[in-house]
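Enquirer: Contents of query-v2.txt (compact mmCIF, C-alpha atoms and all ligand atoms) are below:
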# COMPACT_ATOMS: atom_id res chain seq x y z
CA MET A 941 116.89 30.39 143.81
CA GLY A 942 118.48 26.97 144.11
CA LEU A 943 119.64 24.01 142.06
CA LEU A 944 116.89 21.54 141.21
CA ILE A 945 117.91 17.96 140.41
CA ASP A 946 115.11 15.86 138.95
CA LYS A 947 115.55 12.41 140.51
CA GLU A 948 113.27 10.80 137.91
CA GLN A 949 115.43 12.05 135.03
CA CYS A 950 118.82 11.55 136.74
CA THR A 951 120.59 8.31 135.79
CA MET A 952 123.42 8.87 138.32
CA CYS A 953 125.95 9.05 135.47
CA GLU A 954 127.81 11.61 137.66
CA ALA A 955 128.80 13.79 134.67
CA CYS A 956 127.69 16.77 136.75
CA LEU A 957 130.09 15.92 139.60
CA SER A 958 133.21 16.29 137.48
CA SER A 959 131.84 19.38 135.68
CA CYS A 960 131.41 21.41 138.88
CA PRO A 961 134.35 23.84 139.22
CA PHE A 962 133.60 24.30 142.93
CA GLY A 963 133.15 20.63 143.97
CA SER A 964 129.69 21.58 145.19
CA LEU A 965 127.82 18.42 144.20
CA GLU A 966 127.77 15.26 146.29
CA VAL A 967 126.17 11.83 146.22
CA ARG A 968 123.98 10.98 149.22
CA ASP A 969 121.49 8.16 149.57
CA GLU A 970 121.86 7.27 145.89
CA ALA A 971 120.95 10.79 144.77
CA ILE A 972 122.88 13.93 143.85
CA TYR A 973 122.66 17.05 145.98
CA ALA A 974 124.10 20.56 145.74
CA THR A 975 125.99 21.73 148.81
CA GLU A 976 126.05 25.27 150.22
CA SER A 977 129.10 26.22 148.17
CA CYS A 978 127.06 25.97 144.92
CA THR A 979 127.25 29.32 143.09
CA LEU A 980 124.53 28.44 140.54
CA CYS A 981 127.16 28.85 137.81
CA GLY A 982 125.22 26.39 135.63
CA ALA A 983 128.20 24.23 134.55
CA CYS A 984 126.38 21.07 135.73
CA ILE A 985 123.26 22.03 133.75
CA ASP A 986 125.26 22.08 130.53
CA ALA A 987 127.09 18.84 131.46
CA CYS A 988 123.96 16.79 132.28
CA PRO A 989 123.09 14.54 129.29
CA MET A 990 119.59 13.93 130.71
CA ASP A 991 118.54 17.60 131.20
CA ALA A 992 117.86 16.67 134.81
CA ILE A 993 119.25 19.83 136.37
CA SER A 994 117.76 23.30 136.42
CA ILE A 995 117.89 26.47 138.47
CA GLU A 996 114.79 27.20 140.49
CA GLY A 997 113.47 30.58 139.40
CA GLY A 998 116.21 30.93 136.77
CA ARG A 999 116.20 30.59 133.02
CA GLU A 1000 112.53 31.51 133.08
CA VAL A 1001 112.59 33.73 130.08
CA GLU A 1002 112.22 31.91 126.82
CA GLU A 1003 114.89 33.02 124.39
CA ASP A 1004 112.19 33.98 121.86
CA SER A 1005 110.92 36.68 124.20
CA PHE A 1006 114.36 38.33 124.13
CA ALA A 1007 113.26 40.00 120.89
CA ASP A 1008 111.48 42.60 123.06
CA TYR A 1009 114.71 43.51 124.84
CA LYS A 1010 116.73 46.11 122.97
CA GLY A 1011 119.32 48.78 123.63
CA ILE A 1012 121.82 49.64 126.33
CA LEU A 1013 120.76 51.45 129.52
CA ILE A 1014 123.43 53.07 131.69
CA PHE A 1015 122.87 54.03 135.32
CA GLY A 1016 123.65 57.76 135.51
CA GLU A 1017 125.29 57.91 138.92
CA GLN A 1018 125.41 61.42 140.35
CA ARG A 1019 126.57 62.93 143.59
CA GLN A 1020 125.43 66.32 144.81
CA GLY A 1021 123.86 67.00 141.42
CA LYS A 1022 126.93 66.20 139.31
CA VAL A 1023 127.10 63.14 137.09
CA ALA A 1024 130.09 60.92 137.92
CA SER A 1025 132.92 60.69 135.37
CA VAL A 1026 132.48 56.91 135.13
CA VAL A 1027 129.10 57.52 133.45
CA TYR A 1028 130.86 59.30 130.57
CA GLU A 1029 133.34 56.41 130.36
CA LEU A 1030 130.39 54.01 130.06
CA LEU A 1031 128.84 56.27 127.42
CA GLY A 1032 132.11 56.18 125.43
CA GLU A 1033 132.21 52.38 125.39
CA GLY A 1034 128.43 51.96 125.32
CA ARG A 1035 128.20 54.08 122.15
CA LYS A 1036 130.54 51.70 120.32
CA LEU A 1037 128.62 48.62 121.52
CA ALA A 1038 125.20 50.16 120.73
CA ASP A 1039 126.38 51.09 117.22
CA GLN A 1040 127.61 47.54 116.65
CA LEU A 1041 124.20 46.22 117.71
CA GLY A 1042 122.36 48.95 115.78
CA GLU A 1043 120.43 49.80 118.97
CA GLU A 1044 119.84 52.80 121.25
CA LEU A 1045 122.05 54.03 124.07
CA SER A 1046 120.17 55.44 127.06
CA VAL A 1047 120.88 56.71 130.55
CA VAL A 1048 118.62 56.64 133.60
CA LEU A 1049 119.26 59.62 135.86
CA LEU A 1050 117.75 59.98 139.34
CA GLY A 1051 118.11 62.99 141.62
CA ALA A 1052 117.04 66.61 142.02
CA GLY A 1053 117.80 69.63 139.80
CA LEU A 1054 119.44 67.55 137.07
CA GLU A 1055 118.03 69.04 133.86
CA GLU A 1056 121.35 70.53 132.71
CA GLU A 1057 123.20 67.32 133.57
CA ALA A 1058 120.64 65.36 131.51
CA LYS A 1059 121.30 67.61 128.48
CA LYS A 1060 125.03 67.13 128.93
CA LEU A 1061 124.55 63.34 128.83
CA ILE A 1062 122.90 63.77 125.40
CA HIS A 1063 126.04 65.66 124.30
CA GLY A 1064 127.99 62.70 125.69
CA SER A 1065 126.32 60.55 122.97
CA ALA A 1066 123.21 59.23 124.77
CA ASP A 1067 120.17 58.82 122.50
CA LYS A 1068 117.76 59.06 125.44
CA VAL A 1069 117.96 60.15 129.06
CA TYR A 1070 115.17 58.96 131.38
CA LEU A 1071 115.14 61.72 133.98
CA TYR A 1072 113.54 61.25 137.41
CA ASP A 1073 113.92 64.76 138.85
CA ASP A 1074 112.46 64.64 142.34
CA THR A 1075 113.67 65.92 145.72
CA ASN A 1076 112.81 62.49 147.17
CA LEU A 1077 115.64 61.11 145.04
CA GLU A 1078 118.23 63.69 146.08
CA LYS A 1079 119.97 61.21 148.37
CA PHE A 1080 120.86 57.69 147.31
CA HIS A 1081 118.69 54.97 148.90
CA ASP A 1082 119.37 51.58 147.38
CA ASP A 1083 115.83 50.28 147.98
CA VAL A 1084 114.13 53.29 146.32
CA PHE A 1085 116.59 53.44 143.40
CA THR A 1086 116.16 49.67 142.84
CA GLU A 1087 112.39 49.91 142.77
CA VAL A 1088 112.27 52.96 140.45
CA ILE A 1089 114.79 51.51 137.98
CA ALA A 1090 113.20 48.02 138.06
CA ASN A 1091 109.91 49.63 137.00
CA LEU A 1092 111.68 51.45 134.15
CA VAL A 1093 113.34 48.20 133.05
CA HIS A 1094 109.94 46.47 132.88
CA GLU A 1095 108.72 49.38 130.74
CA VAL A 1096 111.61 49.94 128.31
CA LYS A 1097 113.17 46.42 128.36
CA PRO A 1098 116.86 47.15 127.79
CA SER A 1099 118.95 44.22 126.59
CA ILE A 1100 122.06 45.42 128.43
CA MET A 1101 122.48 47.48 131.62
CA LEU A 1102 125.78 49.03 132.68
CA CYS A 1103 126.81 50.76 135.89
CA GLY A 1104 130.10 51.97 137.37
CA ALA A 1105 131.64 49.58 139.91
CA THR A 1106 131.59 52.41 142.46
CA ALA A 1107 130.43 52.19 146.07
CA ILE A 1108 126.91 53.12 144.90
CA GLY A 1109 126.92 50.75 141.90
CA ARG A 1110 128.26 47.90 143.96
CA SER A 1111 125.64 48.45 146.63
CA PHE A 1112 122.45 48.47 144.55
CA PHE A 1113 123.12 46.84 141.15
CA PRO A 1114 123.22 43.32 142.65
CA ILE A 1115 119.91 44.01 144.42
CA LEU A 1116 118.44 45.22 141.12
CA ALA A 1117 119.73 42.10 139.31
CA GLY A 1118 118.15 39.92 142.02
CA LYS A 1119 114.84 41.76 141.68
CA LEU A 1120 114.91 41.35 137.90
CA LYS A 1121 115.93 37.68 138.28
CA THR A 1122 118.87 38.10 135.98
CA GLY A 1123 122.65 37.71 136.17
CA LEU A 1124 125.25 40.35 136.98
CA THR A 1125 128.95 40.38 136.18
CA ALA A 1126 130.72 42.60 138.71
CA ASP A 1127 133.88 44.64 138.20
CA CYS A 1128 134.34 44.14 134.45
CA THR A 1129 137.47 45.50 132.77
CA GLU A 1130 136.47 44.80 129.15
CA LEU A 1131 133.22 44.58 127.14
CA ALA A 1132 132.54 43.34 123.62
CA ILE A 1133 129.69 42.04 121.51
CA ASP A 1134 129.52 38.41 120.41
CA LYS A 1135 128.96 38.88 116.68
CA LYS A 1136 127.09 35.58 116.23
CA GLU A 1137 124.65 35.62 119.16
CA GLY A 1138 124.63 39.35 119.96
CA TYR A 1139 125.43 38.68 123.66
CA ILE A 1140 127.56 41.12 125.57
CA LEU A 1141 130.91 39.52 126.46
CA GLN A 1142 131.83 40.67 129.96
CA THR A 1143 135.46 40.18 130.90
CA ARG A 1144 136.75 40.41 134.47
CA PRO A 1145 139.59 38.98 136.56
CA ALA A 1146 138.63 35.65 138.15
CA PHE A 1147 140.08 32.99 140.45
CA GLY A 1148 142.07 35.49 142.50
CA GLY A 1149 143.06 37.46 139.44
CA ASN A 1150 144.98 34.61 137.87
CA ILE A 1151 142.79 34.45 134.77
CA MET A 1152 140.62 36.87 132.84
CA ALA A 1153 137.16 35.26 132.51
CA THR A 1154 134.68 36.23 129.80
CA ILE A 1155 131.13 35.81 131.04
CA ILE A 1156 127.86 35.76 129.10
CA CYS A 1157 124.26 35.91 130.27
CA PRO A 1158 122.38 33.80 127.70
CA TYR A 1159 119.23 32.86 129.63
CA THR A 1160 117.88 36.04 131.21
CA ARG A 1161 117.50 39.72 130.37
CA PRO A 1162 118.75 42.34 130.87
CA GLN A 1163 122.43 41.38 130.77
CA MET A 1164 123.90 43.40 133.64
CA ALA A 1165 127.45 44.45 134.44
CA THR A 1166 129.30 46.84 136.72
CA ILE A 1167 132.49 48.29 135.23
CA ARG A 1168 135.57 49.63 136.98
CA ALA A 1169 136.22 53.34 136.65
CA LYS A 1170 138.99 54.52 134.32
CA VAL A 1171 139.10 51.41 132.13
CA PHE A 1172 137.34 53.16 129.23
CA LYS A 1173 137.92 56.55 127.64
CA PRO A 1174 135.13 59.06 128.38
CA ALA A 1175 132.80 59.96 125.52
CA PRO A 1176 133.84 63.29 123.96
CA LEU A 1177 131.14 65.97 124.36
CA ASP A 1178 129.46 66.95 121.11
CA ILE A 1179 126.90 69.75 121.41
CA HIS A 1180 125.45 68.76 118.01
CA HIS A 1181 124.57 65.22 119.13
CA LYS A 1182 120.79 64.89 119.12
CA GLY A 1183 118.84 62.98 121.74
CA GLU A 1184 115.76 63.13 123.89
CA VAL A 1185 115.37 63.83 127.61
CA ILE A 1186 112.28 61.92 128.76
CA THR A 1187 110.86 63.19 132.05
CA LYS A 1188 109.65 60.37 134.27
CA SER A 1189 107.92 60.37 137.62
CA PHE A 1190 107.36 57.90 140.40
CA ASP A 1191 104.89 57.66 143.23
CA SER A 1192 106.86 58.66 146.32
CA THR A 1193 103.95 57.69 148.57
CA LYS A 1194 104.22 54.09 147.35
CA ILE A 1195 107.99 53.76 146.80
CA LYS A 1196 109.53 54.69 150.13
CA SER A 1197 112.82 53.87 151.76
CA ARG A 1198 112.96 51.67 154.82
CA TYR A 1199 115.71 53.80 156.32
CA VAL A 1200 116.66 57.42 156.91
CA ILE A 1201 120.10 58.82 156.10
CA GLN A 1202 121.12 60.79 159.20
CA GLN A 1203 124.50 62.01 158.03
CA VAL A 1204 126.99 61.40 155.24
CA VAL A 1205 130.50 61.11 156.69
CA GLU A 1206 133.44 61.38 154.34
CA THR A 1207 136.26 59.08 155.40
CA VAL A 1208 139.69 60.56 155.67
CA GLU A 1209 142.39 58.24 154.36
CA GLU A 1210 145.83 58.70 153.07
CA THR A 1211 145.43 59.45 149.40
CA ALA A 1212 147.67 59.62 146.40
CA ASN A 1213 146.50 61.79 143.53
CA ILE A 1214 147.12 59.13 140.88
CA ALA A 1215 143.52 58.44 139.84
CA ASP A 1216 143.14 61.84 138.16
CA ALA A 1217 146.77 62.56 137.27
CA ASP A 1218 147.67 63.26 133.61
CA ILE A 1219 151.19 61.97 134.08
CA ILE A 1220 152.23 59.05 136.32
CA VAL A 1221 155.73 57.79 136.96
CA SER A 1222 155.50 54.29 138.47
CA GLY A 1223 158.15 52.18 140.11
CA GLY A 1224 158.32 48.41 140.52
CA ARG A 1225 160.58 45.83 142.11
CA GLY A 1226 163.21 46.79 139.54
CA VAL A 1227 163.88 50.13 141.29
CA GLY A 1228 165.62 48.08 143.97
CA GLY A 1229 164.33 49.58 147.23
CA PRO A 1230 162.90 52.67 148.96
CA GLU A 1231 165.87 54.73 147.78
CA GLY A 1232 164.89 53.82 144.20
CA PHE A 1233 161.58 55.58 144.81
CA LYS A 1234 163.48 58.82 145.60
CA LEU A 1235 164.57 58.71 141.95
CA ILE A 1236 160.99 57.99 140.83
CA GLU A 1237 159.76 60.97 142.90
CA GLU A 1238 162.45 63.20 141.40
CA LEU A 1239 161.42 62.23 137.87
CA ALA A 1240 157.73 62.74 138.74
CA LEU A 1241 158.53 66.20 140.10
CA ALA A 1242 160.60 67.14 137.05
CA ILE A 1243 157.84 66.11 134.64
CA GLY A 1244 154.90 67.34 136.76
CA GLY A 1245 153.46 63.91 137.44
CA ALA A 1246 152.25 61.74 140.32
CA VAL A 1247 153.99 58.64 141.71
CA GLY A 1248 152.55 55.18 141.12
CA ALA A 1249 153.82 51.72 142.05
CA SER A 1250 153.44 48.04 141.37
CA ARG A 1251 152.11 45.73 144.06
CA ALA A 1252 155.54 44.16 144.48
CA ALA A 1253 156.94 47.54 145.52
CA VAL A 1254 153.99 48.18 147.87
CA ASP A 1255 154.23 44.69 149.39
CA ALA A 1256 157.94 45.27 150.00
CA GLY A 1257 157.02 48.38 152.00
CA TRP A 1258 158.91 50.75 149.70
CA ILE A 1259 155.84 52.92 149.13
CA LYS A 1260 152.31 53.10 150.57
CA TYR A 1261 149.27 51.29 149.17
CA PRO A 1262 147.37 54.39 147.87
CA HIS A 1263 150.05 54.58 145.15
CA GLN A 1264 149.40 51.02 143.90
CA VAL A 1265 148.26 50.70 140.31
CA GLY A 1266 146.50 47.58 139.11
CA GLN A 1267 143.76 45.12 139.73
CA THR A 1268 143.88 45.40 143.52
CA GLY A 1269 145.08 48.99 143.44
CA LYS A 1270 143.83 51.97 141.41
CA THR A 1271 142.83 51.97 137.77
CA VAL A 1272 144.40 54.96 136.05
CA CYS A 1273 144.10 56.49 132.61
CA PRO A 1274 146.76 59.22 132.33
CA LYS A 1275 148.04 60.84 129.15
CA LEU A 1276 151.52 59.51 129.97
CA TYR A 1277 152.48 56.48 132.10
CA ILE A 1278 156.16 55.81 132.72
CA ALA A 1279 156.73 52.28 134.08
CA CYS A 1280 160.18 51.91 135.67
CA GLY A 1281 161.41 48.44 136.60
CA ILE A 1282 157.91 46.95 136.24
CA SER A 1283 157.59 43.60 134.47
CA GLY A 1284 154.03 44.10 133.16
CA ALA A 1285 152.09 41.36 134.99
CA ILE A 1286 148.46 41.07 133.86
CA GLN A 1287 147.24 42.43 137.21
CA HIS A 1288 149.35 45.55 136.79
CA LEU A 1289 148.29 46.04 133.16
CA ALA A 1290 144.63 45.81 134.22
CA GLY A 1291 145.12 49.14 136.00
CA MET A 1292 147.04 51.19 133.43
CA GLN A 1293 146.89 49.84 129.91
CA SER A 1294 144.37 52.41 128.71
CA ALA A 1295 146.93 55.22 129.25
CA ASP A 1296 147.40 57.27 126.06
CA VAL A 1297 151.19 56.86 125.95
CA ILE A 1298 153.14 54.23 127.89
CA VAL A 1299 156.89 54.46 128.30
CA ALA A 1300 158.62 51.41 129.79
CA ILE A 1301 162.13 51.30 131.24
CA ASN A 1302 163.32 47.76 131.92
CA LYS A 1303 166.63 45.95 131.74
CA ASP A 1304 164.97 42.82 130.28
CA LYS A 1305 164.17 43.36 126.59
CA ASP A 1306 161.62 40.51 126.76
CA ALA A 1307 159.65 41.94 129.71
CA PRO A 1308 155.88 41.82 128.92
CA ILE A 1309 155.52 45.55 129.69
CA PHE A 1310 157.12 46.20 126.28
CA ASP A 1311 154.10 44.49 124.62
CA VAL A 1312 151.85 47.37 125.74
CA ALA A 1313 154.46 50.16 125.69
CA THR A 1314 154.34 52.93 123.11
CA TYR A 1315 158.07 53.56 123.69
CA GLY A 1316 160.48 51.16 125.34
CA ILE A 1317 163.90 51.85 126.83
CA VAL A 1318 166.02 48.77 127.57
CA GLY A 1319 168.43 49.56 130.38
CA GLU A 1320 169.07 50.02 134.11
CA VAL A 1321 166.62 52.36 135.84
CA ASP A 1322 169.37 54.04 137.88
CA GLU A 1323 171.17 54.96 134.67
CA ILE A 1324 168.20 55.96 132.50
CA ILE A 1325 166.14 57.95 135.06
CA PRO A 1326 168.94 60.42 136.02
CA LEU A 1327 169.49 61.07 132.29
CA LEU A 1328 165.79 61.83 131.83
CA ILE A 1329 165.74 64.12 134.89
CA LYS A 1330 168.82 65.97 133.60
CA LYS A 1331 167.23 66.43 130.19
CA LEU A 1332 163.90 67.60 131.68
CA LYS A 1333 165.60 70.05 134.04
CA LYS A 1334 167.55 71.56 131.13
CA GLY A 1335 164.13 72.16 129.56
C1 LIG A 1401 145.10 38.61 142.83
C2 LIG A 1401 146.30 39.41 142.46
C3 LIG A 1401 146.15 40.77 142.40
C4 LIG A 1401 147.27 41.55 142.04
N1 LIG A 1401 147.12 42.91 141.98
C5 LIG A 1401 148.17 43.65 141.55
C6 LIG A 1401 148.05 45.07 141.39
O1 LIG A 1401 147.02 45.67 141.67
N2 LIG A 1401 149.10 45.74 140.92
C7 LIG A 1401 150.30 45.14 140.62
O2 LIG A 1401 151.22 45.82 140.20
N3 LIG A 1401 150.44 43.80 140.77
C8 LIG A 1401 149.43 43.05 141.26
N4 LIG A 1401 149.60 41.73 141.45
C9 LIG A 1401 150.97 41.19 141.40
C10 LIG A 1401 151.44 40.93 139.99
O3 LIG A 1401 151.09 39.63 139.61
C11 LIG A 1401 152.99 41.04 139.93
O4 LIG A 1401 153.54 40.16 140.89
C12 LIG A 1401 153.50 42.44 140.20
O5 LIG A 1401 152.85 43.37 139.38
C13 LIG A 1401 155.00 42.46 139.91
O6 LIG A 1401 155.52 43.70 140.21
P1 LIG A 1401 156.82 44.22 139.48
O7 LIG A 1401 156.59 44.27 138.01
O8 LIG A 1401 157.23 45.45 140.17
O9 LIG A 1401 157.90 43.10 139.87
P2 LIG A 1401 158.57 41.97 138.99
O10 LIG A 1401 157.56 41.15 138.31
O11 LIG A 1401 159.53 41.30 139.88
O12 LIG A 1401 159.36 42.77 137.87
C14 LIG A 1401 160.46 43.58 138.10
C15 LIG A 1401 160.94 44.04 136.73
O13 LIG A 1401 161.98 44.96 136.91
C16 LIG A 1401 163.01 44.69 135.97
N5 LIG A 1401 164.26 45.14 136.57
C17 LIG A 1401 164.93 44.60 137.61
N6 LIG A 1401 166.01 45.35 137.92
C18 LIG A 1401 166.01 46.38 137.04
C19 LIG A 1401 166.85 47.50 136.84
N7 LIG A 1401 167.92 47.73 137.62
N8 LIG A 1401 166.56 48.37 135.84
C20 LIG A 1401 165.52 48.14 135.01
N9 LIG A 1401 164.68 47.10 135.16
C21 LIG A 1401 164.90 46.24 136.17
C22 LIG A 1401 162.96 43.20 135.74
O14 LIG A 1401 163.48 42.88 134.44
C23 LIG A 1401 161.46 42.92 135.85
O15 LIG A 1401 160.84 42.97 134.58
C24 LIG A 1401 148.52 40.94 141.78
C25 LIG A 1401 148.63 39.55 141.84
C26 LIG A 1401 147.53 38.79 142.17
C27 LIG A 1401 147.65 37.32 142.21
Show me this structure written as structure tokens.
Expert:
Amino acid sequence: MGLLIDKEQCTMCEACLSSCPFGSLEVRDEAIYATESCTLCGACIDACPMDAISIEGGREVEEDSFADYKGILIFGEQRQGKVASVVYELLGEGRKLADQLGEELSVVLLGAGLEEEAKKLIHGSADKVYLYDDTNLEKFHDDVFTEVIANLVHEVKPSIMLCGATAIGRSFFPILAGKLKTGLTADCTELAIDKKEGYILQTRPAFGGNIMATIICPYTRPQMATIRAKVFKPAPLDIHHKGEVITKSFDSTKIKSRYVIQQVVETVEETANIADADIIVSGGRGVGGPEGFKLIEELALAIGGAVGASRAAVDAGWIKYPHQVGQTGKTVCPKLYIACGISGAIQHLAGMQSADVIVAINKDKDAPIFDVATYGIVGEVDEIIPLLIKKLKKG
């Protein structure tokens, strides 16, 4: 794929030059060329008044043929025979989007011995589960998974495909998008449907996290996105939900991996149990120093929660990185999140705003954290937290 500039059509008006957000177009020998930094974002295509620019191999699908593409297909990531929790989060959000579109919600599940897991996905609100139950698929091989799912996509033509932004999703979804010659928005934190056009609106942090960009995929199908874990609520299980498990097969003599997995080594790193905690007490710059975190730990202990932190506190060395909540830390979805001395920067909110109940303690009544808080306490952390601990200890 590359940028094609039709020299016959181009009038050298240079509208494309100023439209390029990456400064990737240059004039050489009285013609315009794309440099290596071009990301094929397409801004110049829209800016060109002469329709002289196109993407080689892109925008091939005529919009009329999109009528064949319907429904949402979720990649059912599993490890050791157990479907990952992010799949249920995608089902929860996918159900809402599919209902808005009036289309089906499906899951593609690859692995061995997964019949019960497939039924559970139906209870998690899937209308269909395409099940490839084969010992050759027991271990994840990105080349085999790509090939098998690409064939399914050609057959069932989903309009939207979703996958968790996990190590597995991040490794093979871009390859799949390349194979299908379509776009992919990685690491989304929000999804919605454009009511007029029916596109999926894929929102993710961009430009170093300084803005939230909403991305659409108007020219190719399927529209593909990976989504961070814990940003959506998991679909509740309903044993009465009706759906169909469709058994699929593939020719393992034709679709073979180019590599052999010798060993799976689990890395040992310092961990903090915040990702799955029901209660998190988090401290920010407002706790004042490492000693402030002693108070946070005491409150966490009294309430039976884990300790989280803002990046400012981590950067200051008051607490270790595994505790960081936010865009470049962990995304959490506890029942209760207590933010102490945290301002509520967008990058912090990206990691915790789906918590069921948010309590904010901050001395500044105008701090943005109060915009997302269920309950707000305006005051000094070193006055409020000891009062809370005392109350909790009294029972
Ligand atoms: C690309 C990028 C990625 C980022 N990723 C993350 C991320 O993953 N997680 C993250 O948290 N941030 C992240 N940030 C940083 C983010 O923008 C903020 O700088 C950071 O969240 C601020 O941390 P804070 O709220 O602890 O500090 P501040 O913004 O300094 O806020 C401190 C707050 O404490 C209050 N306060 C001060 N003293 C007291 C007191 N005694 N009692 C009560 N309240 C008090 C103040 O009123 C203030 O609201 C990222 C930034 C960028 C650019």
Enquirer: Looking at only C-alpha atoms and all ligand atoms, which of A:Lys1270, A:His1180, A:Lys1068, A:Lys1334 is the one that sits closest to ligand LIG 1401 (chain A)?
Expert: A:Lys1270
Enquirer: May I ask which of the residues A:Lys1305, A:Lys1036, A:Lys1059, A:Lys1079 is the closest one to Ala1175 of chain A, counting all atoms listed in the file?
Expert: A:Lys1036
Enquirer: Select from chain A every residue with an atom at most 8 Å from any atom of ligand LIG 1401 (chain A), then for each give the shortest pair of atoms and their distance in Å to one decimal, using all atoms listed in the file, rows by chain and rising number, as a Markdown table.
Expert:
| residue | atom | partner | partner_atom | distance |
| --- | --- | --- | --- | --- |
| A:Phe1147 | CA | A:LIG1401 | C1 | 7.9 |
| A:Gly1148 | CA | A:LIG1401 | C1 | 4.4 |
| A:Gly1149 | CA | A:LIG1401 | C1 | 4.1 |
| A:Asn1150 | CA | A:LIG1401 | C27 | 5.8 |
| A:Gly1223 | CA | A:LIG1401 | O8 | 6.8 |
| A:Gly1224 | CA | A:LIG1401 | O8 | 3.2 |
| A:Arg1225 | CA | A:LIG1401 | O8 | 3.9 |
| A:Gly1226 | CA | A:LIG1401 | C17 | 3.4 |
| A:Val1227 | CA | A:LIG1401 | C19 | 6.0 |
| A:Gly1228 | CA | A:LIG1401 | N6 | 6.6 |
| A:Ala1249 | CA | A:LIG1401 | O2 | 6.7 |
| A:Ser1250 | CA | A:LIG1401 | O2 | 3.4 |
| A:Arg1251 | CA | A:LIG1401 | C7 | 3.9 |
| A:Ala1252 | CA | A:LIG1401 | O6 | 4.3 |
| A:Ala1253 | CA | A:LIG1401 | O8 | 5.8 |
| A:Gln1264 | CA | A:LIG1401 | N2 | 6.1 |
| A:Val1265 | CA | A:LIG1401 | N2 | 5.1 |
| A:Gly1266 | CA | A:LIG1401 | O1 | 3.2 |
| A:Gln1267 | CA | A:LIG1401 | O1 | 3.8 |
| A:Thr1268 | CA | A:LIG1401 | O1 | 3.7 |
| A:Gly1269 | CA | A:LIG1401 | O1 | 4.2 |
| A:Lys1270 | CA | A:LIG1401 | O1 | 7.1 |
| A:Cys1280 | CA | A:LIG1401 | C20 | 6.6 |
| A:Gly1281 | CA | A:LIG1401 | O13 | 3.5 |
| A:Ile1282 | CA | A:LIG1401 | O7 | 3.5 |
| A:Ser1283 | CA | A:LIG1401 | O15 | 3.3 |
| A:Gly1284 | CA | A:LIG1401 | O7 | 5.5 |
| A:Ala1285 | CA | A:LIG1401 | O5 | 4.9 |
| A:Ile1286 | CA | A:LIG1401 | O3 | 6.5 |
| A:Gln1287 | CA | A:LIG1401 | C5 | 4.6 |
| A:His1288 | CA | A:LIG1401 | O2 | 3.9 |
| A:Leu1289 | CA | A:LIG1401 | O2 | 7.6 |
| A:Ala1290 | CA | A:LIG1401 | O1 | 7.8 |
| A:Gly1291 | CA | A:LIG1401 | O1 | 6.9 |
| A:Ile1301 | CA | A:LIG1401 | C20 | 6.0 |
| A:Asn1302 | CA | A:LIG1401 | N9 | 3.6 |
| A:Lys1303 | CA | A:LIG1401 | C20 | 4.1 |
| A:Asp1304 | CA | A:LIG1401 | O14 | 4.4 |
| A:Lys1305 | CA | A:LIG1401 | O14 | 7.9 |
| A:Ala1307 | CA | A:LIG1401 | O15 | 5.1 |
| A:Pro1308 | CA | A:LIG1401 | O15 | 7.6 |
| A:Ile1309 | CA | A:LIG1401 | O15 | 7.7 |
| A:Val1318 | CA | A:LIG1401 | C20 | 7.5 |
| A:Gly1319 | CA | A:LIG1401 | C20 | 5.6 |
| A:Glu1320 | CA | A:LIG1401 | N8 | 3.5 |
| A:Val1321 | CA | A:LIG1401 | N8 | 4.0 |
| A:Asp1322 | CA | A:LIG1401 | N7 | 6.5 |
Enquirer: Mind checking which residues fall within 9 Å of Val1069 of chain A, counting all atoms listed in the file, ignoring those fewer than 4 positions away in the same chain, and posting them as a PyMOL selection string?
Expert: chain A and resi 1016+1045-1049+1058-1059+1061-1062+1183-1187
Enquirer: What does the structure give for the distance between atom CA of Lys1275 of chain A and atom CA of Ala1295 of chain A, in Å to one decimal?
Expert: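 Atom-to-atom, atom CA of Lys1275 of chain A and atom CA of Ala1295 of chain A are spaced 5.7 Å apart.
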Enquirer: Could you check how far atom CA of Glu1056 of chain A sits from atom CA of Ala1215 of chain A, in Å to one decimal?
Expert: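 Taking atom CA of Glu1056 of chain A and atom CA of Ala1215 of chain A, their separation equals 26.2 Å.
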Enquirer: In Å, with one decimal, what is the gap from atom CA of Ile1100 of chain A to atom CA of Lys1010 of chain A?
Expert: 7.7 Å
Enquirer: Using all atoms listed in the file - which residues lie no farther than 10 Å from the point (115.7, 44.8, 133.2) in the file's frame? Write them as a list in words.
Expert: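 In the file's frame, the residues around the point are Tyr1009, Leu1013, Ile1089, Ala1090, Asn1091, Leu1092, Val1093, His1094, Glu1095, Val1096, Lys1097, Pro1098, Ser1099, Ile1100, Met1101, Leu1116, Ala1117, Lys1119, Leu1120, Lys1121, Thr1122, Thr1160, Arg1161, Pro1162, Gln1163 and Met1164 of chain A.
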Enquirer: Name the residues in contact with Thr1075 of chain A at a cut-off of 12 Å, using only C-alpha atoms, excluding same-chain residues fewer than 4 positions from it; report them as a PyMOL selection string.
Expert: chain A and resi 1020-1021+1050-1054+1079-1080+1189-1190+1192
Enquirer: Just want the 12 Å neighbourhood of Glu976 of chain A, counted on only C-alpha atoms, with same-chain residues fewer than 3 positions away dropped. Output as a ChimeraX atom specification.
Expert: /A:942-943,962-966,973,979-980
Enquirer: Compile the contact shell of Tyr1199 of chain A as a VMD selection string: residues with an atom at most 12 Å away, counting all atoms listed in the file, same-chain residues fewer than 3 positions apart removed.
Expert: chain A and resid 1079 to 1084 1196 1202
Enquirer: So that I have them on file, write out the residues from the current selection with C-alpha atoms, as a compact mmCIF listing (two decimals), in the coordinates of the input.
Expert:
# COMPACT_ATOMS: atom_id res chain seq x y z
CA LYS A 1079 119.97 61.21 148.37
CA PHE A 1080 120.86 57.69 147.31
CA HIS A 1081 118.69 54.97 148.90
CA ASP A 1082 119.37 51.58 147.38
CA ASP A 1083 115.83 50.28 147.98
CA VAL A 1084 114.13 53.29 146.32
CA LYS A 1196 109.53 54.69 150.13
CA GLN A 1202 121.12 60.79 159.20
